[in-house]
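K.L.:
Okay, so here is run_16.cif, and as you'll see once you scroll down, it has mmCIF, C-alpha atoms.
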data_my_file
#
loop_
_atom_site.label_atom_id
_atom_site.label_comp_id
_atom_site.auth_asym_id
_atom_site.auth_seq_id
_atom_site.Cartn_x
_atom_site.Cartn_y
_atom_site.Cartn_z
CA MET A 1 -36.59 -2.56 -6.04
CA LYS A 2 -33.24 -3.74 -7.22
CA LEU A 3 -29.59 -4.06 -6.24
CA ASP A 4 -27.60 -0.96 -7.16
CA PRO A 5 -25.40 -2.16 -10.06
CA ARG A 6 -22.40 -0.48 -8.43
CA PHE A 7 -22.45 -3.28 -5.89
CA LEU A 8 -20.88 -6.55 -7.00
CA THR A 9 -21.23 -10.00 -5.52
CA HIS A 10 -18.22 -12.24 -5.26
CA VAL A 11 -17.87 -15.82 -4.06
CA THR A 12 -14.51 -17.10 -2.94
CA LYS A 13 -13.79 -20.30 -1.02
CA GLY A 14 -17.52 -20.73 -0.47
CA GLU A 15 -17.93 -17.33 1.21
CA HIS A 16 -20.29 -14.72 -0.21
CA TYR A 17 -19.33 -11.05 -0.32
CA LEU A 18 -21.04 -7.88 -1.43
CA ILE A 19 -18.59 -5.22 -2.52
CA ALA A 20 -19.10 -1.60 -3.43
CA MET A 21 -17.18 -0.24 -6.38
CA GLY A 22 -14.86 2.74 -5.98
CA ASP A 23 -17.42 5.46 -6.65
CA VAL A 24 -19.85 4.44 -3.94
CA LYS A 25 -19.82 6.25 -0.59
CA PHE A 26 -20.09 3.02 1.35
CA LYS A 27 -16.55 1.68 1.65
CA GLY A 28 -17.23 -1.52 3.52
CA ILE A 29 -17.52 -5.13 2.53
CA VAL A 30 -20.48 -7.22 3.52
CA LYS A 31 -19.90 -10.89 4.21
CA ASN A 32 -23.18 -12.65 3.63
CA ASN A 33 -24.64 -15.84 5.01
CA ASN A 34 -26.51 -18.10 2.59
CA THR A 35 -29.88 -16.44 3.16
CA ALA A 36 -28.55 -12.94 2.60
CA ALA A 37 -26.67 -14.14 -0.49
CA PHE A 38 -29.91 -15.68 -1.81
CA ILE A 39 -31.81 -12.43 -1.23
CA ILE A 40 -29.11 -10.44 -3.00
CA GLU A 41 -29.24 -12.82 -5.97
CA CYS A 42 -33.02 -12.17 -6.18
CA LEU A 43 -32.34 -8.43 -6.15
CA LYS A 44 -30.26 -8.61 -9.31
CA LYS A 45 -33.63 -8.35 -11.09
CA ASP A 46 -36.38 -5.90 -10.21
CA VAL A 47 -38.35 -7.60 -7.44
CA THR A 48 -40.69 -6.89 -4.51
CA GLU A 49 -40.11 -7.88 -0.91
CA GLU A 50 -43.04 -10.29 -1.07
CA GLU A 51 -41.64 -11.99 -4.19
CA ILE A 52 -38.34 -12.57 -2.40
CA VAL A 53 -40.20 -14.12 0.54
CA GLU A 54 -42.01 -16.46 -1.89
CA LYS A 55 -38.78 -17.49 -3.56
CA LEU A 56 -37.12 -18.18 -0.23
CA MET A 57 -40.12 -20.23 0.93
CA LYS A 58 -39.79 -22.34 -2.21
CA GLU A 59 -36.11 -22.88 -1.46
CA TYR A 60 -36.57 -23.60 2.24
CA SER A 61 -40.07 -25.05 2.36
CA GLU A 62 -39.78 -26.13 6.00
CA ALA A 63 -39.01 -22.58 7.18
CA ASP A 64 -41.48 -20.54 9.21
CA PRO A 65 -43.00 -17.88 6.91
CA GLU A 66 -42.98 -15.21 9.63
CA THR A 67 -39.27 -15.78 10.29
CA VAL A 68 -38.51 -15.65 6.58
CA ARG A 69 -40.46 -12.42 6.19
CA ARG A 70 -38.62 -10.87 9.11
CA ASP A 71 -35.22 -12.02 7.77
CA VAL A 72 -35.95 -10.61 4.32
CA GLY A 73 -37.07 -7.31 5.87
CA ASN A 74 -33.90 -7.12 7.98
CA VAL A 75 -31.56 -7.86 5.10
CA ILE A 76 -33.25 -5.34 2.83
CA GLU A 77 -33.16 -2.72 5.55
CA LYS A 78 -29.43 -3.27 5.97
CA LEU A 79 -28.86 -3.08 2.23
CA ARG A 80 -30.84 0.17 2.11
CA GLY A 81 -28.71 1.51 4.95
CA ILE A 82 -25.55 1.15 2.88
CA GLY A 83 -27.17 2.53 -0.27
CA ALA A 84 -27.21 -0.80 -2.11
CA ILE A 85 -30.89 -0.68 -3.12
CA VAL A 86 -32.42 1.24 -6.01
CA GLU A 87 -36.16 1.65 -5.46
CA MET B 1 4.07 18.54 -19.00
CA THR B 2 4.86 14.97 -20.04
CA ARG B 3 7.42 12.58 -18.60
CA ARG B 4 7.92 8.82 -18.34
CA TYR B 5 8.37 6.77 -15.16
CA ARG B 6 9.20 3.15 -14.50
CA ILE B 7 6.80 1.97 -11.81
CA ALA B 8 6.29 -1.72 -10.94
CA ASP B 9 8.41 -2.66 -13.98
CA LYS B 10 6.05 -0.84 -16.34
CA VAL B 11 6.83 2.40 -18.12
CA VAL B 12 4.07 4.97 -17.65
CA GLU B 13 3.92 8.20 -19.59
CA VAL B 14 2.28 10.86 -17.42
CA THR B 15 0.87 14.07 -18.88
CA SER B 16 -0.35 16.46 -16.21
CA MET B 17 -1.21 20.12 -15.65
CA HIS B 18 0.82 20.68 -12.49
CA GLU B 19 4.56 20.27 -12.30
CA LYS B 20 4.39 19.06 -8.70
CA VAL B 21 2.97 15.79 -9.97
CA HIS B 22 6.31 15.19 -11.69
CA ASP B 23 8.47 16.38 -8.78
CA TYR B 24 6.75 13.69 -6.76
CA CYS B 25 7.80 10.95 -9.19
CA ALA B 26 11.37 12.18 -9.79
CA ASP B 27 13.09 9.02 -8.48
CA TYR B 28 11.25 6.93 -11.07
CA VAL B 29 12.10 8.81 -14.28
CA THR B 30 13.04 6.76 -17.34
CA GLU B 31 13.68 7.44 -21.01
CA ASP B 32 12.44 4.00 -22.09
CA PRO B 33 9.40 3.67 -24.35
CA ALA B 34 6.04 3.72 -22.58
CA ASP B 35 3.87 0.66 -21.93
CA TYR B 36 0.89 2.97 -21.45
CA SER B 37 0.07 6.59 -20.78
CA VAL B 38 -2.20 8.56 -18.49
CA VAL B 39 -3.43 12.10 -19.00
CA THR B 40 -5.13 14.20 -16.33
CA THR B 41 -7.39 17.20 -16.84
CA GLN B 42 -9.21 19.68 -14.59
CA ALA B 43 -12.21 17.32 -14.67
CA ASP B 44 -10.10 14.66 -12.90
CA VAL B 45 -9.07 17.20 -10.27
CA GLU B 46 -12.73 18.11 -9.69
CA TYR B 47 -13.59 14.42 -9.42
CA GLU B 48 -10.97 13.99 -6.65
CA ARG B 49 -12.27 17.10 -4.88
CA ALA B 50 -15.85 15.85 -4.97
CA LYS B 51 -14.77 12.39 -3.84
CA ASN B 52 -12.86 13.80 -0.90
CA ARG B 53 -15.90 15.88 0.12
CA SER B 54 -18.39 13.07 -0.15
CA GLU B 55 -16.16 10.61 1.70
CA THR B 56 -15.50 13.09 4.50
CA GLU B 57 -19.22 13.76 4.76
CA PHE B 58 -20.02 10.04 4.81
CA GLU B 59 -17.41 9.31 7.47
CA GLY B 60 -18.37 12.41 9.46
CA GLY B 61 -14.84 13.80 9.61
CA GLN B 62 -13.45 17.30 9.35
CA LEU B 63 -13.31 18.44 5.72
CA VAL B 64 -9.83 19.30 4.48
CA GLU B 65 -9.75 21.16 1.17
CA TYR B 66 -6.68 20.13 -0.79
CA PRO B 67 -4.89 22.26 -3.39
CA ASP B 68 -5.31 21.35 -7.06
CA ASP B 69 -1.78 20.02 -7.54
CA TYR B 70 -2.24 17.53 -4.70
CA LEU B 71 -5.61 16.46 -6.07
CA GLU B 72 -4.00 15.97 -9.46
CA GLU B 73 -1.40 13.67 -7.88
CA LEU B 74 -4.24 11.57 -6.50
CA ALA B 75 -5.89 11.54 -9.92
CA VAL B 76 -2.68 10.43 -11.63
CA TYR B 77 -2.15 7.60 -9.18
CA ARG B 78 -5.78 6.54 -9.48
CA LYS B 79 -5.36 6.28 -13.25
CA ILE B 80 -2.05 4.44 -12.95
CA SER B 81 -3.58 2.01 -10.46
CA ARG B 82 -6.53 1.32 -12.74
CA LYS B 83 -4.27 0.67 -15.70
CA MET B 84 -1.90 -1.53 -13.64
CA LEU B 85 -4.73 -4.04 -13.07
CA GLU B 86 -4.41 -4.97 -16.73
CA TYR B 87 -0.80 -6.01 -16.00
CA ASP B 88 -1.77 -8.07 -12.91
CA VAL B 89 -0.52 -5.35 -10.59
CA LEU B 90 -2.69 -4.36 -7.63
CA LEU B 91 -2.48 -1.22 -5.53
CA PHE B 92 -2.70 -2.07 -1.86
CA HIS B 93 -2.94 0.10 1.25
CA GLY B 94 -0.27 -0.79 3.75
CA SER B 95 3.31 -0.46 4.89
CA VAL B 96 5.87 -2.80 3.29
CA ILE B 97 9.28 -3.43 4.79
CA ALA B 98 11.90 -5.87 3.53
CA VAL B 99 14.20 -7.78 5.87
CA ASP B 100 17.06 -9.74 4.30
CA GLY B 101 15.40 -9.04 0.96
CA GLU B 102 11.98 -10.51 1.82
CA GLY B 103 8.93 -8.26 2.00
CA TYR B 104 6.33 -8.08 4.78
CA LEU B 105 3.17 -6.05 4.29
CA PHE B 106 1.29 -4.66 7.27
CA THR B 107 -2.23 -3.52 6.61
CA ALA B 108 -4.99 -1.93 8.70
CA LYS B 109 -7.21 1.12 8.67
CA SER B 110 -5.43 4.46 8.68
CA GLY B 111 -4.37 5.45 12.17
CA THR B 112 -3.98 1.93 13.56
CA GLY B 113 -0.19 2.05 13.66
CA LYS B 114 1.23 0.42 10.51
CA SER B 115 3.94 3.03 10.08
CA THR B 116 4.76 2.95 13.76
CA HIS B 117 5.19 -0.80 13.61
CA THR B 118 7.48 -0.80 10.55
CA ARG B 119 9.50 1.94 12.25
CA LEU B 120 10.08 -0.55 15.08
CA TRP B 121 11.27 -3.06 12.49
CA ARG B 122 13.82 -0.57 11.18
CA GLU B 123 15.05 0.02 14.72
CA TYR B 124 15.21 -3.67 15.50
CA PHE B 125 16.80 -4.88 12.24
CA GLY B 126 18.96 -1.87 11.39
CA GLU B 127 20.73 -2.37 8.08
CA ARG B 128 18.99 -5.68 7.41
CA ALA B 129 15.76 -3.72 6.84
CA ALA B 130 14.75 -1.60 3.85
CA MET B 131 11.56 0.39 3.50
CA VAL B 132 9.74 -0.51 0.28
CA ASN B 133 6.70 1.72 0.70
CA ASP B 134 4.92 3.12 3.75
CA ASP B 135 1.45 3.65 2.34
CA LYS B 136 0.49 2.57 -1.17
CA PRO B 137 2.72 -0.15 -2.59
CA LEU B 138 1.94 -1.94 -5.83
CA LEU B 139 1.81 -5.73 -5.75
CA GLY B 140 2.76 -7.64 -8.88
CA ILE B 141 0.80 -10.90 -8.84
CA GLN B 142 2.92 -13.47 -10.68
CA ASP B 143 2.21 -17.13 -11.40
CA ASP B 144 3.64 -18.47 -8.16
CA HIS B 145 4.72 -15.47 -6.12
CA VAL B 146 4.04 -11.78 -5.46
CA ILE B 147 6.42 -8.84 -5.77
CA ALA B 148 5.97 -5.69 -3.70
CA TYR B 149 7.14 -2.56 -5.51
CA GLY B 150 8.09 0.80 -4.13
CA THR B 151 6.14 3.67 -5.73
CA PRO B 152 6.36 7.46 -5.65
CA TYR B 153 3.22 7.44 -3.53
CA ASN B 154 4.65 6.44 -0.19
CA GLY B 155 2.69 8.23 2.48
CA LYS B 156 2.91 11.49 4.33
CA HIS B 157 6.40 10.79 5.68
CA ARG B 158 7.66 9.89 2.19
CA LEU B 159 9.10 6.60 3.38
CA GLY B 160 10.06 4.14 0.70
CA GLU B 161 12.47 3.61 -2.10
CA ASN B 162 12.49 2.67 -5.73
CA ILE B 163 13.06 -1.00 -4.91
CA SER B 164 11.09 -4.24 -4.97
CA ALA B 165 11.01 -7.39 -2.87
CA PRO B 166 9.25 -10.75 -3.08
CA LEU B 167 6.35 -10.57 -0.66
CA LYS B 168 6.53 -13.24 2.01
CA ALA B 169 3.53 -12.37 4.16
CA ILE B 170 0.60 -10.04 4.64
CA CYS B 171 -0.16 -9.19 8.22
CA ILE B 172 -3.33 -7.52 9.49
CA LEU B 173 -2.24 -5.26 12.30
CA THR B 174 -4.32 -4.62 15.40
CA ARG B 175 -3.42 -2.90 18.66
CA ASP B 176 -3.06 -4.98 21.77
CA LYS B 177 -1.40 -4.84 25.19
CA GLU B 178 0.67 -7.96 24.56
CA ASN B 179 2.43 -8.87 21.32
CA HIS B 180 1.25 -11.98 19.50
CA VAL B 181 0.94 -13.12 15.91
CA GLU B 182 -1.18 -15.92 14.44
CA ARG B 183 -1.62 -17.46 11.03
CA ILE B 184 -5.13 -16.77 9.67
CA THR B 185 -7.15 -18.27 6.82
CA LYS B 186 -8.11 -16.53 3.63
CA GLY B 187 -11.72 -16.42 4.86
CA GLN B 188 -10.67 -14.64 8.04
CA ALA B 189 -8.57 -12.12 6.15
CA TYR B 190 -10.59 -11.53 3.03
CA ALA B 191 -12.97 -8.75 4.08
CA VAL B 192 -10.14 -6.67 5.57
CA LEU B 193 -7.88 -7.25 2.57
CA LEU B 194 -10.62 -6.30 0.15
CA GLN B 195 -11.18 -3.11 2.06
CA GLN B 196 -7.51 -2.20 1.80
CA ALA B 197 -7.16 -3.02 -1.91
CA TYR B 198 -7.70 -0.44 -4.63
CA ARG B 199 -11.33 -0.47 -5.73
CA PRO B 200 -11.96 1.00 -9.14
CA GLY B 201 -15.25 2.62 -10.06
CA ASP B 202 -15.99 0.41 -13.05
CA GLU B 203 -17.20 -3.16 -13.00
CA ALA B 204 -14.49 -4.59 -15.30
CA GLY B 205 -11.81 -3.05 -13.08
CA MET B 206 -13.48 -4.27 -9.90
CA ARG B 207 -13.67 -7.81 -11.31
CA MET B 208 -9.94 -7.67 -12.04
CA THR B 209 -9.25 -6.46 -8.50
CA LEU B 210 -11.23 -9.39 -7.09
CA MET B 211 -9.37 -11.91 -9.26
CA LEU B 212 -6.00 -10.46 -8.28
CA LEU B 213 -6.97 -10.43 -4.62
CA ASP B 214 -7.96 -14.10 -4.81
CA ALA B 215 -4.60 -14.90 -6.43
CA LEU B 216 -2.74 -12.76 -3.87
CA THR B 217 -4.25 -14.62 -0.93
CA GLU B 218 -3.24 -17.95 -2.51
CA ARG B 219 0.39 -16.90 -2.94
CA VAL B 220 1.38 -15.28 0.34
CA LYS B 221 0.96 -16.33 3.97
CA LEU B 222 -1.61 -14.40 5.99
CA TYR B 223 -1.28 -13.39 9.63
CA ARG B 224 -2.97 -11.31 12.29
CA LEU B 225 -0.73 -9.36 14.63
CA GLY B 226 -1.74 -7.88 17.95
CA CYS B 227 0.95 -5.43 18.97
CA ASN B 228 1.97 -2.63 21.27
CA MET B 229 4.62 0.00 20.58
CA ASP B 230 7.56 -1.71 22.30
CA LEU B 231 10.55 -2.85 20.27
CA GLU B 232 9.62 -6.39 21.24
CA ALA B 233 6.63 -6.13 18.87
CA ALA B 234 9.01 -6.26 15.89
CA LYS B 235 10.78 -9.35 17.22
CA VAL B 236 7.52 -11.20 17.97
CA ALA B 237 6.02 -10.31 14.58
CA TYR B 238 9.11 -11.29 12.61
CA GLU B 239 9.72 -14.56 14.43
CA GLY B 240 6.06 -15.51 14.25
CA MET B 241 6.10 -15.14 10.47
CA GLN B 242 9.13 -17.40 9.83
#
Once you've parsed the file, please lay out its structure as C-alpha cells.
P.N.:
Amino acid sequence: MKLDPRFLTHVTKGEHYLIAMGDVKFKGIVKNNNTAAFIIECLKKDVTEEEIVEKLMKEYSEADPETVRRDVGNVIEKLRGIGAIVE
Amino acid sequence: MTRRYRIADKVVEVTSMHEKVHDYCADYVTEDPADYSVVTTQADVEYERAKNRSETEFEGGQLVEYPDDYLEELAVYRKISRKMLEYDVLLFHGSVIAVDGEGYLFTAKSGTGKSTHTRLWREYFGERAAMVNDDKPLLGIQDDHVIAYGTPYNGKHRLGENISAPLKAICILTRDKENHVERITKGQAYAVLLQQAYRPGDEAGMRMTLMLLDALTERVKLYRLGCNMDLEAAKVAYEGMQ
C-alpha cells in the first residue's frame, strides 16, 4: 500500500500536516503527531503494514511492539477512512 | 465572448461561453493589456458539475443542480485563482471589512456567521467601514504585508466593492454566548486557515498555496473570536484586535 499522491505532507513551525489537493473528496486537514508523520513518510513508498512496524521499532527501540503495531493499524485505518491510501 | 478585467492588480483576459460570466465581472472591466488569460469550455463546466455532485454526496447534503452559466462562473474563478498563485495572490474564503482603511478578515466554515458579523461591523462603524468582499477575497502576499482585494466573486448577497485594503488581522470566528477575542498562534490557526484557503488540484499549485499560507500567517496577526449576534460583538472584536 501507498499514500495517495494527491495527499501532500507539509511541515511548518515543527508541526506536521497532511493535506488533500483540490480534487480529492476529503476536504479536511490532518495534523499529525510524530508517530503518524513517521508512518506517512514510510507510505510515500510502497510498503506493508508489517514493514512500517519494523521501521518504527528501529526508530523507537524501547517501544512495546504490541503498542506500535496497534498504533500503526490505527493510523492506517484513519488514512484509509479519508481515502489517503492506495492499496 | 472575451473581455479583460483588473482583479488584484492583475489584468485577466477572460474568454467564456456564457455572457453572464462577464455581467458578473462588470465592475472590473479594463482596456489595459492582459497579464494572463483564461479560457473556459464545456469540459470545465462538466468538471464543476461533477465536483459539486461528488462534494454534496461526500458531505451528505441535498444536491442542488446549478445552471451551466453559474458553473462556468465557478470554473472561471477557479482558473483565475490558480493563475493568481503565480503572482503571490491567494484566494481565501472569508468576509473582509475595512475600518479606517485597514482590513479585517473573518473566516469560518460556511453558515457560522461571518457575513452576519461583518454586517454588525457596518452597523457599528457606519461610514468608517467599507465592505471589501463578503466571501472570496484575494490576498496579495507582499514582502512585509498583505493586501486584501475585492473581487467580482463576493458571495450570495453580492457584498463587496472594487477596492483593496492592507490586511491587519485574520480572525477565526466561532459562535458563543459571550463576546471575546484572543490572539492565537500560527499553530493554533493553521489547520483552519488551510481549510479555508484555495486548494488547487495539482501538486505545484498546492505547494504554492502552502508557501503563501506560511507567508500570510507570518505577516498578519491571528485571532479567535467567540461572538453572539449583538452589536457589542463588533465592538469587542474590533477593540480586541487593536
K.L.:
Applying 12 Å and only C-alpha atoms, which residues near Glu59 in chain A remain after dropping the ones on its own chain fewer than 2 positions away? List them as a list in words.
P.N.:
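These residues fall inside the cut-off: Asn34, Thr35, Phe38, Ile39, Ile52, Val53, Glu54, Lys55, Leu56, Met57, Ser61, Glu62, Ala63, Pro65 and Val68 of chain A.
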K.L.:
Got time to write the residues from that selection, C-alpha atoms, as a CSV table (one decimal), in the coordinates of the input?
P.N.:
chain,number,residue,atom,x,y,z
A,34,ASN,CA,-26.5,-18.1,2.6
A,35,THR,CA,-29.9,-16.4,3.2
A,38,PHE,CA,-29.9,-15.7,-1.8
A,39,ILE,CA,-31.8,-12.4,-1.2
A,52,ILE,CA,-38.3,-12.6,-2.4
A,53,VAL,CA,-40.2,-14.1,0.5
A,54,GLU,CA,-42.0,-16.5,-1.9
A,55,LYS,CA,-38.8,-17.5,-3.6
A,56,LEU,CA,-37.1,-18.2,-0.2
A,57,MET,CA,-40.1,-20.2,0.9
A,61,SER,CA,-40.1,-25.0,2.4
A,62,GLU,CA,-39.8,-26.1,6.0
A,63,ALA,CA,-39.0,-22.6,7.2
A,65,PRO,CA,-43.0,-17.9,6.9
A,68,VAL,CA,-38.5,-15.6,6.6
K.L.:
Taking only C-alpha atoms into account, which residues of chain B are within 9 Å of chain A, as a PyMOL selection string?
P.N.:
chain B and resi 51+54-55+58-59+186-187+191-192+194-195+198-203+206-207+210+214
K.L.:
How big is the axis-aligned box around the listed atoms of range 21-24 of chain A once 4 Å is added on each side, and where is its centre? Give both in Å to one decimal, as AutoDock Vina command-line options.
P.N.:
--center_x -17.4 --center_y 2.6 --center_z -5.3 --size_x 13.0 --size_y 13.7 --size_z 10.7
K.L.:
Running the PyMOL selection byres ((chain B and resi 143-147) around 7) on this model by hand, what would come out? Give it as a list of chain:residue names.
P.N.:
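Evaluating the PyMOL selection byres ((chain B and resi 143-147) around 7) on this file yields B:Leu139, B:Gly140, B:Ile141, B:Gln142, B:Ala148, B:Tyr149, B:Ser164, B:Ala165, B:Pro166, B:Leu167, B:Arg219.
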K.L.:
Go ahead and save the residues from that selection, with C-alpha atoms, as a PDB file, in the coordinates of the input.
P.N.:
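Generated file (result-v6.pdb):
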ATOM      1  CA  LEU B 139       1.810  -5.730  -5.750  1.00  0.00           C
ATOM      2  CA  GLY B 140       2.760  -7.640  -8.880  1.00  0.00           C
ATOM      3  CA  ILE B 141       0.800 -10.900  -8.840  1.00  0.00           C
ATOM      4  CA  GLN B 142       2.920 -13.470 -10.680  1.00  0.00           C
ATOM      5  CA  ALA B 148       5.970  -5.690  -3.700  1.00  0.00           C
ATOM      6  CA  TYR B 149       7.140  -2.560  -5.510  1.00  0.00           C
ATOM      7  CA  SER B 164      11.090  -4.240  -4.970  1.00  0.00           C
ATOM      8  CA  ALA B 165      11.010  -7.390  -2.870  1.00  0.00           C
ATOM      9  CA  PRO B 166       9.250 -10.750  -3.080  1.00  0.00           C
ATOM     10  CA  LEU B 167       6.350 -10.570  -0.660  1.00  0.00           C
ATOM     11  CA  ARG B 219       0.390 -16.900  -2.940  1.00  0.00           C
TER      12      ARG B 219
END
K.L.:
Using only C-alpha atoms for the distances, tell me which of A:Asn33, A:Glu77, A:Ala84, A:Arg69 is nearest to Glu51 in chain A.
P.N.:
A:Arg69
K.L.:
So how far away is CA of Met229 in chain B from CA of Leu138 in chain B, in Å?
P.N.:
26.6 Å
K.L.:
Can you tell me how far CA of Tyr47 in chain B sits from CA of Ala108 in chain B, in Å to one decimal?
P.N.:
25.9 Å
K.L.:
Is there a way to get, as number ranges by chain, all residues within 12 Å of the point (19.2, -0.7, 5.9) in file coordinates, counting all atoms listed in the file?
P.N.:
B: 97-101, 119, 121-132, 160-161
K.L.:
Give me the residues within 12 Å of range 234-241 of chain B as a PyMOL selection string, counting only C-alpha atoms and dropping any in the same chain fewer than 3 places off.
P.N.:
chain B and resi 97-100+102-106+114+116-126+129+168-174+178-184+220-231
K.L.:
At what distance in Å, to one decimal, does CA of Ala34 in chain B lie from CA of Glu19 in chain B?
P.N.:
19.5 Å
K.L.:
Find the residues around Arg158 in chain B up to 9 Å (only C-alpha atoms counted), leave out those fewer than 6 positions away in its own chain, and share them as a list in words.
P.N.:
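Once the nearby chain positions are removed, what remains is Asn133, Asp134, Asp135 and Pro152 of chain B.
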K.L.:
With all atoms listed in the file as the atoms that count, which of B:Ser95, B:Asn52, B:Ser37, B:Gln42 lies nearest to Met17 in chain B?
P.N.:
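Of B:Ser95, B:Asn52, B:Ser37, B:Gln42, the one nearest Met17 in chain B, counting all atoms listed in the file, is B:Gln42.
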K.L.:
Identify which of the residues A:Glu66, A:Val72, A:Ala36, A:Gly83 lies closest to Thr48 in chain A, counting all atoms listed in the file when measuring atom-to-atom distances.
P.N.:
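For Thr48 in chain A, the nearest of the given residues is A:Val72.
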K.L.:
Looking at B:Val38, B:Ala197, B:Ala50, B:Leu212, which one is nearest to Phe92 in chain B, with distances taken over all atoms listed in the file?
P.N.:
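Checking each of B:Val38, B:Ala197, B:Ala50, B:Leu212 against Phe92 in chain B, counting all atoms listed in the file, the winner is B:Ala197.
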K.L.:
Could you check the closest approach to Glu41 in chain A for each of A:Asp71, A:Tyr60, A:Leu3, A:Arg80 and tell me which residue wins, using only C-alpha atoms?
P.N.:
A:Leu3
K.L.:
Tell me which protein, DNA and RNA residues are within 9 Å of Lys2 in chain A, counting all atoms listed in the file, leaving out same-chain ones fewer than 5 positions away, and put them as an NGL selection string.
P.N.:
:A and (40 or 42-48 or 84-87)
